[in-house]
>>> print(open('upload-v2.pdb').read())   # PDB, C-alpha atoms
ATOM      1  CA  MET A   8     -83.848  37.626 -70.370  1.00  0.00           C
ATOM      2  CA  LYS A   9     -84.376  41.147 -71.671  1.00  0.00           C
ATOM      3  CA  ILE A  10     -84.917  42.006 -75.331  1.00  0.00           C
ATOM      4  CA  ASN A  11     -83.867  45.318 -76.839  1.00  0.00           C
ATOM      5  CA  LEU A  12     -85.561  46.235 -80.112  1.00  0.00           C
ATOM      6  CA  ILE A  13     -83.279  48.800 -81.739  1.00  0.00           C
ATOM      7  CA  TYR A  14     -83.842  50.860 -84.844  1.00  0.00           C
ATOM      8  CA  PHE A  15     -82.520  54.015 -86.414  1.00  0.00           C
ATOM      9  CA  GLY A  16     -85.083  56.805 -86.549  1.00  0.00           C
ATOM     10  CA  LYS A  17     -88.523  57.199 -85.047  1.00  0.00           C
ATOM     11  CA  ALA A  18     -91.763  55.368 -85.721  1.00  0.00           C
ATOM     12  CA  SER A  19     -94.632  57.363 -87.157  1.00  0.00           C
ATOM     13  CA  GLN A  20     -97.530  58.085 -84.826  1.00  0.00           C
ATOM     14  CA  SER A  21     -99.773  55.450 -86.448  1.00  0.00           C
ATOM     15  CA  ALA A  22     -97.008  52.833 -86.365  1.00  0.00           C
ATOM     16  CA  ALA A  23     -96.297  53.640 -82.715  1.00  0.00           C
ATOM     17  CA  ARG A  24     -99.907  52.775 -81.832  1.00  0.00           C
ATOM     18  CA  GLU A  25     -99.685  49.446 -83.662  1.00  0.00           C
ATOM     19  CA  GLU A  26     -96.257  48.792 -82.161  1.00  0.00           C
ATOM     20  CA  GLU A  27     -97.603  49.258 -78.634  1.00  0.00           C
ATOM     21  CA  THR A  28    -100.097  46.406 -79.126  1.00  0.00           C
ATOM     22  CA  TYR A  29     -97.299  43.966 -79.909  1.00  0.00           C
ATOM     23  CA  LEU A  30     -95.009  45.354 -77.237  1.00  0.00           C
ATOM     24  CA  LYS A  31     -97.650  44.681 -74.579  1.00  0.00           C
ATOM     25  CA  ARG A  32     -97.856  41.062 -75.724  1.00  0.00           C
ATOM     26  CA  VAL A  33     -94.099  40.551 -75.614  1.00  0.00           C
ATOM     27  CA  ARG A  34     -93.680  42.392 -72.308  1.00  0.00           C
ATOM     28  CA  ALA A  35     -96.112  39.943 -70.708  1.00  0.00           C
ATOM     29  CA  TRP A  36     -93.541  37.257 -71.538  1.00  0.00           C
ATOM     30  CA  CYS A  37     -90.227  39.077 -70.973  1.00  0.00           C
ATOM     31  CA  PRO A  38     -88.816  42.597 -70.447  1.00  0.00           C
ATOM     32  CA  LEU A  39     -88.585  44.548 -73.694  1.00  0.00           C
ATOM     33  CA  GLU A  40     -87.134  47.971 -74.386  1.00  0.00           C
ATOM     34  CA  VAL A  41     -87.455  49.892 -77.651  1.00  0.00           C
ATOM     35  CA  VAL A  42     -84.322  51.896 -78.405  1.00  0.00           C
ATOM     36  CA  GLU A  43     -84.372  54.561 -81.101  1.00  0.00           C
ATOM     37  CA  LEU A  44     -80.933  55.539 -82.381  1.00  0.00           C
ATOM     38  CA  LYS A  45     -80.300  58.629 -84.465  1.00  0.00           C
ATOM     39  CA  PRO A  46     -79.916  57.722 -88.144  1.00  0.00           C
ATOM     40  CA  SER A  47     -76.967  59.062 -90.081  1.00  0.00           C
ATOM     41  CA  LYS A  48     -77.542  62.147 -92.213  1.00  0.00           C
ATOM     42  CA  LEU A  49     -74.395  61.576 -94.268  1.00  0.00           C
ATOM     43  CA  ASN A  50     -74.893  61.251 -98.020  1.00  0.00           C
ATOM     44  CA  ASP A  51     -72.229  58.565 -98.419  1.00  0.00           C
ATOM     45  CA  ARG A  52     -73.673  55.100 -97.667  1.00  0.00           C
ATOM     46  CA  GLN A  53     -70.447  53.570 -96.280  1.00  0.00           C
ATOM     47  CA  SER A  54     -69.754  56.570 -94.045  1.00  0.00           C
ATOM     48  CA  GLY A  55     -73.364  56.540 -92.893  1.00  0.00           C
ATOM     49  CA  LEU A  56     -73.215  52.847 -92.021  1.00  0.00           C
ATOM     50  CA  ALA A  57     -69.969  53.368 -90.114  1.00  0.00           C
ATOM     51  CA  GLN A  58     -71.473  56.260 -88.174  1.00  0.00           C
ATOM     52  CA  GLU A  59     -74.549  54.212 -87.273  1.00  0.00           C
ATOM     53  CA  ALA A  60     -72.423  51.220 -86.228  1.00  0.00           C
ATOM     54  CA  LYS A  61     -70.463  53.523 -83.928  1.00  0.00           C
ATOM     55  CA  ARG A  62     -73.707  54.816 -82.396  1.00  0.00           C
ATOM     56  CA  TYR A  63     -74.859  51.239 -81.831  1.00  0.00           C
ATOM     57  CA  ARG A  64     -71.568  50.224 -80.195  1.00  0.00           C
ATOM     58  CA  THR A  65     -71.562  53.351 -78.014  1.00  0.00           C
ATOM     59  CA  LYS A  66     -75.050  52.497 -76.760  1.00  0.00           C
ATOM     60  CA  PHE A  67     -74.215  48.793 -76.255  1.00  0.00           C
ATOM     61  CA  PRO A  68     -70.498  48.563 -75.370  1.00  0.00           C
ATOM     62  CA  ASP A  69     -70.955  45.190 -73.648  1.00  0.00           C
ATOM     63  CA  GLU A  70     -72.043  43.695 -76.995  1.00  0.00           C
ATOM     64  CA  PRO A  71     -75.028  41.533 -76.056  1.00  0.00           C
ATOM     65  CA  PRO A  72     -75.926  38.817 -78.587  1.00  0.00           C
ATOM     66  CA  LEU A  73     -77.191  40.521 -81.741  1.00  0.00           C
ATOM     67  CA  ILE A  74     -80.016  39.404 -84.022  1.00  0.00           C
ATOM     68  CA  ILE A  75     -80.380  41.481 -87.179  1.00  0.00           C
ATOM     69  CA  LEU A  76     -83.659  41.859 -89.036  1.00  0.00           C
ATOM     70  CA  ASP A  77     -82.525  41.640 -92.636  1.00  0.00           C
ATOM     71  CA  GLU A  78     -84.269  40.842 -95.916  1.00  0.00           C
ATOM     72  CA  GLN A  79     -81.475  38.359 -96.643  1.00  0.00           C
ATOM     73  CA  GLY A  80     -81.912  36.619 -93.294  1.00  0.00           C
ATOM     74  CA  LYS A  81     -83.704  33.361 -92.588  1.00  0.00           C
ATOM     75  CA  CYS A  82     -87.513  33.305 -92.814  1.00  0.00           C
ATOM     76  CA  GLN A  83     -89.138  31.334 -90.013  1.00  0.00           C
ATOM     77  CA  SER A  84     -92.658  30.397 -89.031  1.00  0.00           C
ATOM     78  CA  SER A  85     -93.950  31.617 -85.678  1.00  0.00           C
ATOM     79  CA  VAL A  86     -93.358  28.153 -84.199  1.00  0.00           C
ATOM     80  CA  GLU A  87     -89.788  28.025 -85.531  1.00  0.00           C
ATOM     81  CA  PHE A  88     -89.076  31.512 -84.212  1.00  0.00           C
ATOM     82  CA  ALA A  89     -90.492  30.637 -80.774  1.00  0.00           C
ATOM     83  CA  SER A  90     -88.210  27.595 -80.694  1.00  0.00           C
ATOM     84  CA  GLN A  91     -85.247  29.772 -81.698  1.00  0.00           C
ATOM     85  CA  LEU A  92     -86.060  32.252 -78.894  1.00  0.00           C
ATOM     86  CA  SER A  93     -86.206  29.383 -76.434  1.00  0.00           C
ATOM     87  CA  ASN A  94     -82.746  28.246 -77.569  1.00  0.00           C
ATOM     88  CA  TRP A  95     -81.355  31.754 -77.100  1.00  0.00           C
ATOM     89  CA  MET A  96     -82.891  31.972 -73.639  1.00  0.00           C
ATOM     90  CA  GLN A  97     -81.059  28.785 -72.683  1.00  0.00           C
ATOM     91  CA  MET A  98     -77.734  30.475 -73.521  1.00  0.00           C
ATOM     92  CA  GLY A  99     -78.083  32.232 -70.160  1.00  0.00           C
ATOM     93  CA  LYS A 100     -77.407  35.723 -71.542  1.00  0.00           C
ATOM     94  CA  PRO A 101     -79.142  38.568 -69.668  1.00  0.00           C
ATOM     95  CA  GLN A 102     -80.193  40.403 -72.822  1.00  0.00           C
ATOM     96  CA  PHE A 103     -80.447  40.128 -76.596  1.00  0.00           C
ATOM     97  CA  ASN A 104     -80.531  42.910 -79.167  1.00  0.00           C
ATOM     98  CA  PHE A 105     -82.765  42.841 -82.226  1.00  0.00           C
ATOM     99  CA  LEU A 106     -81.549  45.455 -84.726  1.00  0.00           C
ATOM    100  CA  VAL A 107     -83.460  46.943 -87.644  1.00  0.00           C
ATOM    101  CA  GLY A 108     -81.120  48.768 -90.007  1.00  0.00           C
ATOM    102  CA  SER A 109     -81.577  52.265 -91.358  1.00  0.00           C
ATOM    103  CA  ALA A 110     -82.227  53.277 -94.955  1.00  0.00           C
ATOM    104  CA  TYR A 111     -78.535  52.449 -95.477  1.00  0.00           C
ATOM    105  CA  GLY A 112     -78.992  48.943 -94.066  1.00  0.00           C
ATOM    106  CA  VAL A 113     -76.649  47.495 -91.423  1.00  0.00           C
ATOM    107  CA  HIS A 114     -72.866  47.868 -91.332  1.00  0.00           C
ATOM    108  CA  PRO A 115     -71.034  44.690 -92.472  1.00  0.00           C
ATOM    109  CA  GLU A 116     -69.145  44.446 -89.159  1.00  0.00           C
ATOM    110  CA  LEU A 117     -72.418  44.368 -87.230  1.00  0.00           C
ATOM    111  CA  LYS A 118     -73.702  41.707 -89.629  1.00  0.00           C
ATOM    112  CA  LYS A 119     -70.592  39.618 -88.870  1.00  0.00           C
ATOM    113  CA  GLN A 120     -71.180  40.100 -85.133  1.00  0.00           C
ATOM    114  CA  ALA A 121     -74.785  38.870 -85.364  1.00  0.00           C
ATOM    115  CA  ILE A 122     -75.617  35.420 -84.028  1.00  0.00           C
ATOM    116  CA  PHE A 123     -78.632  35.293 -86.374  1.00  0.00           C
ATOM    117  CA  LYS A 124     -80.125  37.178 -89.297  1.00  0.00           C
ATOM    118  CA  LEU A 125     -83.924  37.051 -89.348  1.00  0.00           C
ATOM    119  CA  SER A 126     -86.097  37.948 -92.312  1.00  0.00           C
ATOM    120  CA  LEU A 127     -89.692  38.950 -91.706  1.00  0.00           C
ATOM    121  CA  SER A 128     -90.207  38.939 -95.465  1.00  0.00           C
ATOM    122  CA  PRO A 129     -88.075  38.778 -98.595  1.00  0.00           C
ATOM    123  CA  MET A 130     -89.439  42.246 -99.311  1.00  0.00           C
ATOM    124  CA  THR A 131     -87.789  45.370 -97.950  1.00  0.00           C
ATOM    125  CA  LEU A 132     -90.202  46.940 -95.453  1.00  0.00           C
ATOM    126  CA  THR A 133     -90.383  50.405 -93.961  1.00  0.00           C
ATOM    127  CA  HIS A 134     -89.548  50.713 -90.265  1.00  0.00           C
ATOM    128  CA  ASP A 135     -93.251  51.244 -89.630  1.00  0.00           C
ATOM    129  CA  HIS A 136     -94.043  47.844 -91.109  1.00  0.00           C
ATOM    130  CA  ALA A 137     -90.980  45.882 -90.029  1.00  0.00           C
TER
END
>>> encode(input="upload-v2.pdb", output="structure tokens")
Amino acid sequence: MKINLIYFGKASQSAAREEETYLKRVRAWCPLEVVELKPSKLNDRQSGLAQEAKRYRTKFPDEPPLIILDEQGKCQSSVEFASQLSNWMQMGKPQFNFLVGSAYGVHPELKKQAIFKLSLSPMTLTHDHA
């Protein structure tokens, strides 16, 4: 099973160093690719979300199972999350997408498509800290 970690924008240099530590740990367990998508520059939130959803769907037309990182998602302990990952692996899908929304959030249609919404914290975090 391959995991794609997708977010809109680019990580800062300091966050990229921290990110690499965790990526090495995950990659020892399964293939992982970080995908940076261009965030919308539109001033209108709804139009921006629609543009970003289109960019996501263009990049992933085969629509692998989607997990959204969302402050309104379910908080889980590390043990619970590991169990959830194991369940997903047993679905037999070749890849899963974990999506971090932009400053606009995530388009409602992508939220409907998600098989799970995961919260790392009830607080809204910057991309560098999510």
>>> resolve_selection(input="upload-v2.pdb", expression="the PyMOL selection byres ((chain A and resi 77) around 12)", output="VMD selection string")
chain A and resid 74 to 76 78 to 82 105 to 115 117 to 118 121 123 to 134 137
>>> closest_residue(input="upload-v2.pdb", among="A:Leu73, A:Ala57, A:Ile122, A:Ala35", to="Leu12 (chain A)", atoms="all atoms listed in the file")
A:Leu73
>>> atom_distance(input="upload-v2.pdb", atom1="CA of Val41 (chain A)", atom2="CA of Gly55 (chain A)")
21.8 Å
>>> atom_distance(input="upload-v2.pdb", atom1="CA of Trp95 (chain A)", atom2="CA of Pro46 (chain A)")
28.3 Å
>>> resolve_selection(input="upload-v2.pdb", expression="the PyMOL selection byres ((chain A and resi 58) around 12)", output="ChimeraX atom specification")
/A:15,44-57,59-65,109,111,113-114,117
>>> closest_residue(input="upload-v2.pdb", among="A:Lys66, A:Lys17, A:Lys9, A:Arg24", to="Cys37 (chain A)", atoms="all atoms listed in the file")
A:Lys9
>>> atom_distance(input="upload-v2.pdb", atom1="CA of Val33 (chain A)", atom2="CA of Ser84 (chain A)")
16.9 Å
>>> axis_aligned_box(input="upload-v2.pdb", around="region 33-42 of chain A", padding_each_side="6 Å", output="JSON")
{"center_x": -90.2, "center_y": 44.6, "center_z": -74.4, "size_x": 23.8, "size_y": 26.6, "size_z": 20.0}
>>> closest_residue(input="upload-v2.pdb", among="A:Ser85, A:Ala18, A:Glu116, A:Pro72", to="Lys100 (chain A)", atoms="only C-alpha atoms")
A:Pro72
>>> closest_residue(input="upload-v2.pdb", among="A:Ala22, A:Pro71, A:Arg32, A:Lys119", to="Gly99 (chain A)", atoms="only C-alpha atoms")
A:Pro71
